[in-house]
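This is upload_6.txt. It holds compact mmCIF, C-alpha atoms.
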# COMPACT_ATOMS: atom_id res chain seq x y z
CA MET A 103 244.89 152.40 106.26
CA THR A 104 245.46 148.66 106.16
CA PRO A 105 248.57 147.35 104.37
CA ARG A 106 248.43 147.46 100.61
CA LEU A 107 246.84 144.60 98.79
CA THR A 108 249.26 142.37 96.93
CA ASP A 109 248.64 140.36 93.80
CA THR A 110 247.80 136.71 94.44
CA MET A 111 250.52 134.74 92.75
CA LYS A 112 252.43 131.47 92.99
CA PRO A 113 256.15 132.10 93.66
CA SER A 114 258.39 131.17 90.77
CA THR A 115 260.41 128.04 91.46
CA ASP A 116 262.11 127.51 88.10
CA GLY A 117 264.62 130.33 88.25
CA HIS A 118 262.86 132.37 85.55
CA ALA A 119 261.30 134.98 87.83
CA GLU A 120 261.34 137.72 85.23
CA ARG A 121 259.51 135.65 82.64
CA ALA A 122 257.00 134.53 85.26
CA ARG A 123 256.41 138.16 86.25
CA GLU A 124 255.85 139.11 82.63
CA THR A 125 253.32 136.31 82.24
CA ARG A 126 251.42 137.43 85.32
CA ASP A 127 251.44 141.04 84.14
CA LYS A 128 250.13 140.02 80.71
CA LEU A 129 247.27 138.10 82.31
CA ILE A 130 246.40 140.97 84.64
CA GLU A 131 246.43 143.48 81.78
CA ALA A 132 244.27 141.20 79.62
CA GLY A 133 241.97 140.60 82.57
CA LEU A 134 241.56 144.30 83.21
CA SER A 135 240.41 144.84 79.64
CA LEU A 136 238.12 141.81 79.44
CA PHE A 137 236.62 141.84 82.94
CA SER A 138 235.78 145.54 82.76
CA ARG A 139 233.74 144.87 79.60
CA TYR A 140 232.20 141.48 80.27
CA GLY A 141 232.48 140.81 84.00
CA LEU A 142 233.94 137.77 85.69
CA ASP A 143 231.32 135.33 84.41
CA GLY A 144 231.43 136.71 80.87
CA VAL A 145 235.10 135.90 80.25
CA ARG A 146 236.27 132.38 79.34
CA THR A 147 239.63 131.09 80.47
CA ARG A 148 240.68 130.43 76.86
CA GLU A 149 239.74 133.96 75.86
CA LEU A 150 241.76 135.37 78.76
CA ALA A 151 244.84 133.33 77.82
CA ASP A 152 244.57 134.18 74.11
CA THR A 153 244.21 137.91 74.82
CA ALA A 154 247.25 137.78 77.10
CA GLY A 155 249.19 135.76 74.53
CA VAL A 156 250.10 133.03 77.02
CA ASN A 157 249.44 129.32 77.44
CA GLN A 158 246.13 128.55 79.13
CA SER A 159 247.95 126.49 81.76
CA ALA A 160 249.61 129.69 83.01
CA ILE A 161 246.31 130.78 84.58
CA PRO A 162 246.00 127.97 87.15
CA TYR A 163 249.78 127.87 87.64
CA HIS A 164 250.18 131.56 88.56
CA PHE A 165 246.73 132.43 89.90
CA GLY A 166 244.95 129.19 90.72
CA GLY A 167 242.28 129.90 88.09
CA LYS A 168 240.29 132.67 86.43
CA ASP A 169 238.98 133.93 89.77
CA GLY A 170 242.56 134.46 90.92
CA VAL A 171 243.32 136.62 87.88
CA TYR A 172 240.19 138.65 88.57
CA ALA A 173 241.24 139.16 92.19
CA ALA A 174 244.70 140.30 91.10
CA VAL A 175 243.16 142.77 88.65
CA ILE A 176 240.91 144.27 91.31
CA ARG A 177 243.85 144.59 93.69
CA ARG A 178 245.94 146.36 91.06
CA VAL A 179 243.11 148.78 90.28
CA ALA A 180 242.55 149.58 93.96
CA ASN A 181 246.25 150.05 94.60
CA GLY A 182 246.52 152.27 91.52
CA ILE A 183 243.85 154.63 92.82
CA VAL A 184 245.48 154.73 96.25
CA GLU A 185 248.86 155.55 94.72
CA ARG A 186 247.72 158.09 92.10
CA ALA A 187 245.62 159.99 94.62
CA GLY A 188 248.16 159.76 97.43
CA LEU A 189 245.32 158.47 99.59
CA GLU A 190 247.49 156.91 102.28
CA ARG A 191 248.86 160.33 103.21
CA ILE A 192 245.57 162.16 102.79
CA LEU A 193 243.51 159.67 104.77
CA ALA A 194 246.01 159.78 107.63
CA GLU A 195 245.26 163.48 108.18
CA GLN A 196 242.97 164.36 111.07
CA PRO A 197 241.56 167.87 110.44
CA SER A 198 240.07 169.71 113.39
CA GLY A 199 237.34 172.32 113.07
CA ALA A 200 234.98 173.31 110.28
CA ALA A 201 237.45 175.32 108.19
CA ALA A 202 240.18 172.65 108.29
CA SER A 203 237.64 169.92 107.56
CA ALA A 204 236.38 171.84 104.53
CA ARG A 205 239.90 172.26 103.16
CA ALA A 206 240.66 168.60 103.81
CA LEU A 207 237.46 167.44 102.11
CA GLU A 208 238.11 169.59 99.06
CA ALA A 209 241.70 168.31 98.77
CA LEU A 210 240.60 164.70 99.21
CA MET A 211 237.93 164.89 96.52
CA ARG A 212 240.25 166.70 94.12
CA ALA A 213 242.84 163.95 94.52
CA PHE A 214 240.29 161.15 94.22
CA THR A 215 238.74 162.69 91.10
CA ARG A 216 242.13 163.14 89.43
CA ALA A 217 242.96 159.50 90.16
CA LEU A 218 239.72 158.35 88.54
CA LEU A 219 240.13 160.58 85.50
CA ASP A 220 243.77 159.83 84.83
CA GLY A 221 244.11 159.37 81.07
CA ALA A 222 245.72 155.94 81.35
CA ALA A 223 243.77 153.00 79.98
CA GLU A 224 244.00 151.32 83.38
CA SER A 225 242.06 154.13 85.06
CA VAL A 226 239.28 153.95 82.45
CA SER A 227 238.87 150.17 82.62
CA GLY A 228 239.47 150.23 86.36
CA SER A 229 236.64 152.67 86.98
CA LEU A 230 234.26 150.47 85.00
CA LEU A 231 235.44 147.37 86.84
CA LEU A 232 234.95 148.94 90.28
CA ALA A 233 231.50 150.13 89.22
CA ARG A 234 230.69 146.56 88.15
CA GLU A 235 231.86 145.34 91.57
CA GLN A 236 229.35 147.67 93.20
CA LEU A 237 226.52 146.32 91.06
CA GLN A 238 227.56 142.67 91.17
CA PRO A 239 229.92 142.09 94.11
CA SER A 240 232.37 139.24 93.65
CA PRO A 241 234.08 137.25 96.42
CA ILE A 242 236.87 139.85 96.52
CA PHE A 243 234.49 142.73 97.22
CA ASP A 244 234.91 142.52 101.01
CA GLU A 245 238.67 142.81 100.63
CA THR A 246 238.42 145.76 98.25
CA TYR A 247 235.85 147.39 100.49
CA GLY A 248 238.22 147.21 103.44
CA GLN A 249 241.21 148.45 101.46
CA LEU A 250 239.68 151.28 99.43
CA PHE A 251 235.96 151.93 99.77
CA GLN A 252 235.62 151.86 103.55
CA PRO A 253 238.59 154.08 104.51
CA LEU A 254 237.75 156.52 101.73
CA HIS A 255 234.08 156.65 102.70
CA GLU A 256 234.91 157.06 106.38
CA ALA A 257 237.37 159.88 105.66
CA VAL A 258 234.78 161.78 103.63
CA THR A 259 232.15 161.20 106.33
CA GLN A 260 234.50 162.46 109.05
CA ARG A 261 235.25 165.61 107.09
CA VAL A 262 231.56 166.19 106.44
CA ALA A 263 230.86 165.79 110.16
CA GLY A 264 233.69 168.20 110.94
CA ILE A 265 232.19 170.81 108.64
CA ARG A 266 228.76 170.39 110.15
CA GLY A 267 229.91 170.04 113.72
CA ASP A 268 228.12 166.78 114.42
CA ALA A 269 228.77 163.04 114.65
CA ALA A 270 230.55 161.05 111.93
CA ASP A 271 228.35 158.03 112.63
CA ASP A 272 225.18 159.99 111.92
CA ALA A 273 223.43 158.16 109.06
CA ARG A 274 222.71 161.48 107.35
CA ASN A 275 226.42 162.24 107.16
CA ILE A 276 227.11 158.77 105.75
CA LEU A 277 224.52 159.48 103.04
CA ARG A 278 226.07 162.88 102.35
CA ALA A 279 229.48 161.24 102.02
CA HIS A 280 228.07 158.68 99.58
CA ALA A 281 226.52 161.43 97.48
CA ILE A 282 229.79 163.37 97.50
CA LEU A 283 231.82 160.37 96.35
CA GLY A 284 229.21 159.76 93.68
CA GLN A 285 229.97 163.14 92.15
CA ALA A 286 233.51 161.98 91.33
CA ILE A 287 232.50 158.46 90.33
CA ALA A 288 229.86 159.77 87.91
CA PHE A 289 232.53 161.59 85.89
CA ALA A 290 234.52 158.36 85.62
CA VAL A 291 231.70 155.91 84.87
CA ALA A 292 229.79 158.25 82.55
CA ARG A 293 232.98 159.36 80.81
CA GLN A 294 231.79 158.47 77.31
CA ALA A 295 228.71 160.65 77.59
CA LEU A 296 230.88 163.55 78.71
CA LEU A 297 233.29 163.04 75.82
CA ARG A 298 230.37 163.14 73.39
CA ARG A 299 229.06 166.35 74.96
CA LEU A 300 232.51 167.95 74.76
CA ALA A 301 233.03 166.60 71.21
CA VAL A 302 236.43 165.13 72.05
CA LYS A 303 237.85 161.61 71.88
CA ALA A 304 239.83 161.83 75.10
CA LEU A 305 239.61 164.01 78.16
CA PRO A 306 242.29 166.74 78.02
CA GLN A 307 244.35 167.04 81.18
CA ALA A 308 243.27 170.64 81.63
CA VAL A 309 239.62 169.56 81.60
CA ALA A 310 240.30 166.72 84.06
CA ASP A 311 241.97 169.24 86.38
CA GLU A 312 239.00 171.57 86.05
CA ILE A 313 236.62 168.73 86.91
CA ALA A 314 238.70 167.87 89.98
CA VAL A 315 238.49 171.47 91.18
CA LEU A 316 234.75 171.54 90.50
CA VAL A 317 234.12 168.28 92.36
CA GLY A 318 236.18 169.50 95.30
CA ARG A 319 234.13 172.67 95.60
CA MET A 320 230.86 170.81 95.10
CA ALA A 321 231.84 168.40 97.87
CA VAL A 322 232.18 171.21 100.39
CA ALA A 323 228.90 172.76 99.25
CA ALA A 324 227.12 169.40 99.55
CA ALA A 325 228.53 168.89 103.03
CA LYS A 326 227.07 172.19 104.16
CA ALA A 327 223.68 171.74 102.49
CA GLY A 328 220.52 170.46 104.16

Serialized structure, structure tokens:
Amino acid sequence: MTPRLTDTMKPSTDGHAERARETRDKLIEAGLSLFSRYGLDGVRTRELADTAGVNQSAIPYHFGGKDGVYAAVIRRVANGIVERAGLERILAEQPSGAAASARALEALMRAFTRALLDGAAESVSGSLLLAREQLQPSPIFDETYGQLFQPLHEAVTQRVAGIRGDAADDARNILRAHAILGQAIAFAVARQALLRRLAVKALPQAVADEIAVLVGRMAVAAAKAG
């Protein structure tokens, strides 16, 4: 994978690095909450500053503007998924043969699903924000695509091809990979509907683990189908 994305920020020059870091973190956390609900265009700079509890001038100083905060939020979300799922290690694996490819695909989808369903507020808002990026790509989409979506999609496609014994660049395998990833993403994006059906307010860890196992098995079955 390419090197991790890093938050866009202006280096502190006043000797108060810790306070500057806290200000940036507050803006990113506020941005994650607001952008996931209203999108980039639906959030005003004043609203972002008030939610973060900082002076409005901190936004252009640390991030160059609202768009810079949004970019930093997306980067943090993408990095969080990579870290929680251990994707750097998993994506570096090169399984050989149908059986190894099936095991690798199942393990990859289990890890990805667990990362999406992590109970932390960041994973919930992050899933919604990434879904919004798919529907309405922002200027940072190309960067996020290269850091997270593309390597993940290619790894799934390669494992599908390994199971089927054909080419990874076959369009049908790319479509299968997209459908497989969608199985995990659906649980994250449609989380509220699932919570209503289960009559719970939050997803228990045991249920999240069960979903991860289910998605992993479904991934292998989908790779073999058709």

Counting all atoms listed in the file, write as JSON, numbers by chain all protein and nucleic acid residues lying at most 10 Å from (245.3, 142.4, 85.3) in the file's frame. {"A": [109, 126, 127, 128, 129, 130, 131, 132, 133, 134, 135, 136, 137, 154, 171, 172, 173, 174, 175, 176, 177, 178, 179, 224, 228]}

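Of the listed residues (A:Leu189, A:Ala290, A:Ala257, A:Ile265), A:Ala290 comes nearest to Leu232 in chain A; the distances count only C-alpha atoms.
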
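Considering all atoms listed in the file, the residue among A:Leu305, A:Leu230, A:Ala314, A:Leu193 positioned nearest to Arg139 in chain A is A:Leu230.
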
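Closest approach to Val309 in chain A among A:Asn181, A:Thr215, A:Gln252, A:Gln158: A:Thr215, based on all atoms listed in the file.
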
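A straight line drawn from CA of Tyr247 in chain A to CA of Ala206 in chain A is 22.0 Å long.
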
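Among the candidates A:Ala200, A:Asp272, A:Ala180, A:Val317, the residue lying nearest to Phe251 in chain A is A:Ala180 (atoms considered: only C-alpha atoms).
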
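Proximity of A:Arg186, A:Gln307, A:Phe165, A:Ile313 to Ile287 in chain A, computed with all atoms listed in the file, is greatest for A:Ile313.
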
Just need the box for range 314-321 of chain A, edges along x, y and z, holding every atom the file lists for it with 6 Å tacked onto each side, so centre and edge lengths in Å to one decimal, as AutoDock Vina command-line options.
--center_x 234.8 --center_y 170.3 --center_z 93.9 --size_x 19.8 --size_y 16.8 --size_z 19.9

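The shell of residues at most 8 Å from range 279-286 of chain A, with all atoms listed in the file counted and near chain neighbours (fewer than 5 positions) removed, consists of Met211, Phe214, Thr215, Leu218, His255, Val258, Thr259, Val262, Ala314, Val317, Met320, Ala321, Ala324 and Ala325 of chain A.
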
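The coordinates place CA of Arg319 in chain A at 6.1 Å from CA of Glu208 in chain A.
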
Your completed range 142-168 of chain A with N, CA and C atoms, as a PDB file, in the frame of the given file:
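Okay, this is what ended up in part19.pdb:
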ATOM      1  N   LEU A 142     233.242 139.020  85.395  1.00  0.00           N
ATOM      2  CA  LEU A 142     233.940 137.770  85.690  1.00  0.00           C
ATOM      3  C   LEU A 142     233.310 136.588  84.968  1.00  0.00           C
ATOM      4  N   ASP A 143     232.003 136.481  85.013  1.00  0.00           N
ATOM      5  CA  ASP A 143     231.320 135.330  84.410  1.00  0.00           C
ATOM      6  C   ASP A 143     231.309 135.375  82.890  1.00  0.00           C
ATOM      7  N   GLY A 144     231.507 136.569  82.321  1.00  0.00           N
ATOM      8  CA  GLY A 144     231.430 136.710  80.870  1.00  0.00           C
ATOM      9  C   GLY A 144     232.733 136.467  80.139  1.00  0.00           C
ATOM     10  N   VAL A 145     233.785 136.124  80.867  1.00  0.00           N
ATOM     11  CA  VAL A 145     235.100 135.900  80.250  1.00  0.00           C
ATOM     12  C   VAL A 145     235.497 134.434  80.410  1.00  0.00           C
ATOM     13  N   ARG A 146     235.816 133.777  79.298  1.00  0.00           N
ATOM     14  CA  ARG A 146     236.270 132.380  79.340  1.00  0.00           C
ATOM     15  C   ARG A 146     237.774 132.327  79.580  1.00  0.00           C
ATOM     16  N   THR A 147     238.208 131.254  80.180  1.00  0.00           N
ATOM     17  CA  THR A 147     239.630 131.090  80.470  1.00  0.00           C
ATOM     18  C   THR A 147     240.454 131.114  79.189  1.00  0.00           C
ATOM     19  N   ARG A 148     239.973 130.440  78.146  1.00  0.00           N
ATOM     20  CA  ARG A 148     240.680 130.430  76.860  1.00  0.00           C
ATOM     21  C   ARG A 148     240.796 131.831  76.289  1.00  0.00           C
ATOM     22  N   GLU A 149     239.732 132.584  76.369  1.00  0.00           N
ATOM     23  CA  GLU A 149     239.740 133.960  75.860  1.00  0.00           C
ATOM     24  C   GLU A 149     240.755 134.804  76.631  1.00  0.00           C
ATOM     25  N   LEU A 150     240.820 134.622  77.935  1.00  0.00           N
ATOM     26  CA  LEU A 150     241.760 135.370  78.760  1.00  0.00           C
ATOM     27  C   LEU A 150     243.202 135.037  78.378  1.00  0.00           C
ATOM     28  N   ALA A 151     243.488 133.749  78.191  1.00  0.00           N
ATOM     29  CA  ALA A 151     244.840 133.330  77.820  1.00  0.00           C
ATOM     30  C   ALA A 151     245.214 133.832  76.424  1.00  0.00           C
ATOM     31  N   ASP A 152     244.286 133.731  75.478  1.00  0.00           N
ATOM     32  CA  ASP A 152     244.570 134.180  74.110  1.00  0.00           C
ATOM     33  C   ASP A 152     244.823 135.686  74.069  1.00  0.00           C
ATOM     34  N   THR A 153     244.031 136.454  74.804  1.00  0.00           N
ATOM     35  CA  THR A 153     244.210 137.910  74.820  1.00  0.00           C
ATOM     36  C   THR A 153     245.559 138.269  75.432  1.00  0.00           C
ATOM     37  N   ALA A 154     245.970 137.525  76.455  1.00  0.00           N
ATOM     38  CA  ALA A 154     247.250 137.780  77.100  1.00  0.00           C
ATOM     39  C   ALA A 154     248.420 137.250  76.279  1.00  0.00           C
ATOM     40  N   GLY A 155     248.129 136.352  75.342  1.00  0.00           N
ATOM     41  CA  GLY A 155     249.190 135.760  74.530  1.00  0.00           C
ATOM     42  C   GLY A 155     250.029 134.763  75.310  1.00  0.00           C
ATOM     43  N   VAL A 156     249.382 134.021  76.211  1.00  0.00           N
ATOM     44  CA  VAL A 156     250.100 133.030  77.020  1.00  0.00           C
ATOM     45  C   VAL A 156     249.378 131.689  76.928  1.00  0.00           C
ATOM     46  N   ASN A 157     250.046 130.652  77.397  1.00  0.00           N
ATOM     47  CA  ASN A 157     249.440 129.320  77.440  1.00  0.00           C
ATOM     48  C   ASN A 157     248.339 129.294  78.487  1.00  0.00           C
ATOM     49  N   GLN A 158     247.258 128.599  78.202  1.00  0.00           N
ATOM     50  CA  GLN A 158     246.130 128.550  79.130  1.00  0.00           C
ATOM     51  C   GLN A 158     246.525 127.982  80.494  1.00  0.00           C
ATOM     52  N   SER A 159     247.514 127.103  80.506  1.00  0.00           N
ATOM     53  CA  SER A 159     247.950 126.490  81.760  1.00  0.00           C
ATOM     54  C   SER A 159     248.598 127.507  82.700  1.00  0.00           C
ATOM     55  N   ALA A 160     248.990 128.660  82.169  1.00  0.00           N
ATOM     56  CA  ALA A 160     249.610 129.690  83.010  1.00  0.00           C
ATOM     57  C   ALA A 160     248.621 130.260  84.019  1.00  0.00           C
ATOM     58  N   ILE A 161     247.331 130.215  83.694  1.00  0.00           N
ATOM     59  CA  ILE A 161     246.310 130.780  84.580  1.00  0.00           C
ATOM     60  C   ILE A 161     246.225 130.011  85.895  1.00  0.00           C
ATOM     61  N   PRO A 162     246.021 128.685  85.864  1.00  0.00           N
ATOM     62  CA  PRO A 162     246.000 127.970  87.150  1.00  0.00           C
ATOM     63  C   PRO A 162     247.366 127.936  87.825  1.00  0.00           C
ATOM     64  N   TYR A 163     248.442 127.940  87.032  1.00  0.00           N
ATOM     65  CA  TYR A 163     249.780 127.870  87.640  1.00  0.00           C
ATOM     66  C   TYR A 163     250.075 129.125  88.457  1.00  0.00           C
ATOM     67  N   HIS A 164     249.818 130.302  87.890  1.00  0.00           N
ATOM     68  CA  HIS A 164     250.180 131.560  88.560  1.00  0.00           C
ATOM     69  C   HIS A 164     249.083 132.105  89.471  1.00  0.00           C
ATOM     70  N   PHE A 165     247.820 131.803  89.160  1.00  0.00           N
ATOM     71  CA  PHE A 165     246.730 132.430  89.900  1.00  0.00           C
ATOM     72  C   PHE A 165     245.721 131.444  90.496  1.00  0.00           C
ATOM     73  N   GLY A 166     245.878 130.171  90.197  1.00  0.00           N
ATOM     74  CA  GLY A 166     244.950 129.190  90.720  1.00  0.00           C
ATOM     75  C   GLY A 166     243.666 129.068  89.921  1.00  0.00           C
ATOM     76  N   GLY A 167     243.484 129.922  88.913  1.00  0.00           N
ATOM     77  CA  GLY A 167     242.280 129.900  88.090  1.00  0.00           C
ATOM     78  C   GLY A 167     241.869 131.301  87.683  1.00  0.00           C
ATOM     79  N   LYS A 168     240.791 131.383  86.929  1.00  0.00           N
ATOM     80  CA  LYS A 168     240.290 132.670  86.430  1.00  0.00           C
ATOM     81  C   LYS A 168     239.943 133.616  87.566  1.00  0.00           C
TER      82      LYS A 168
END
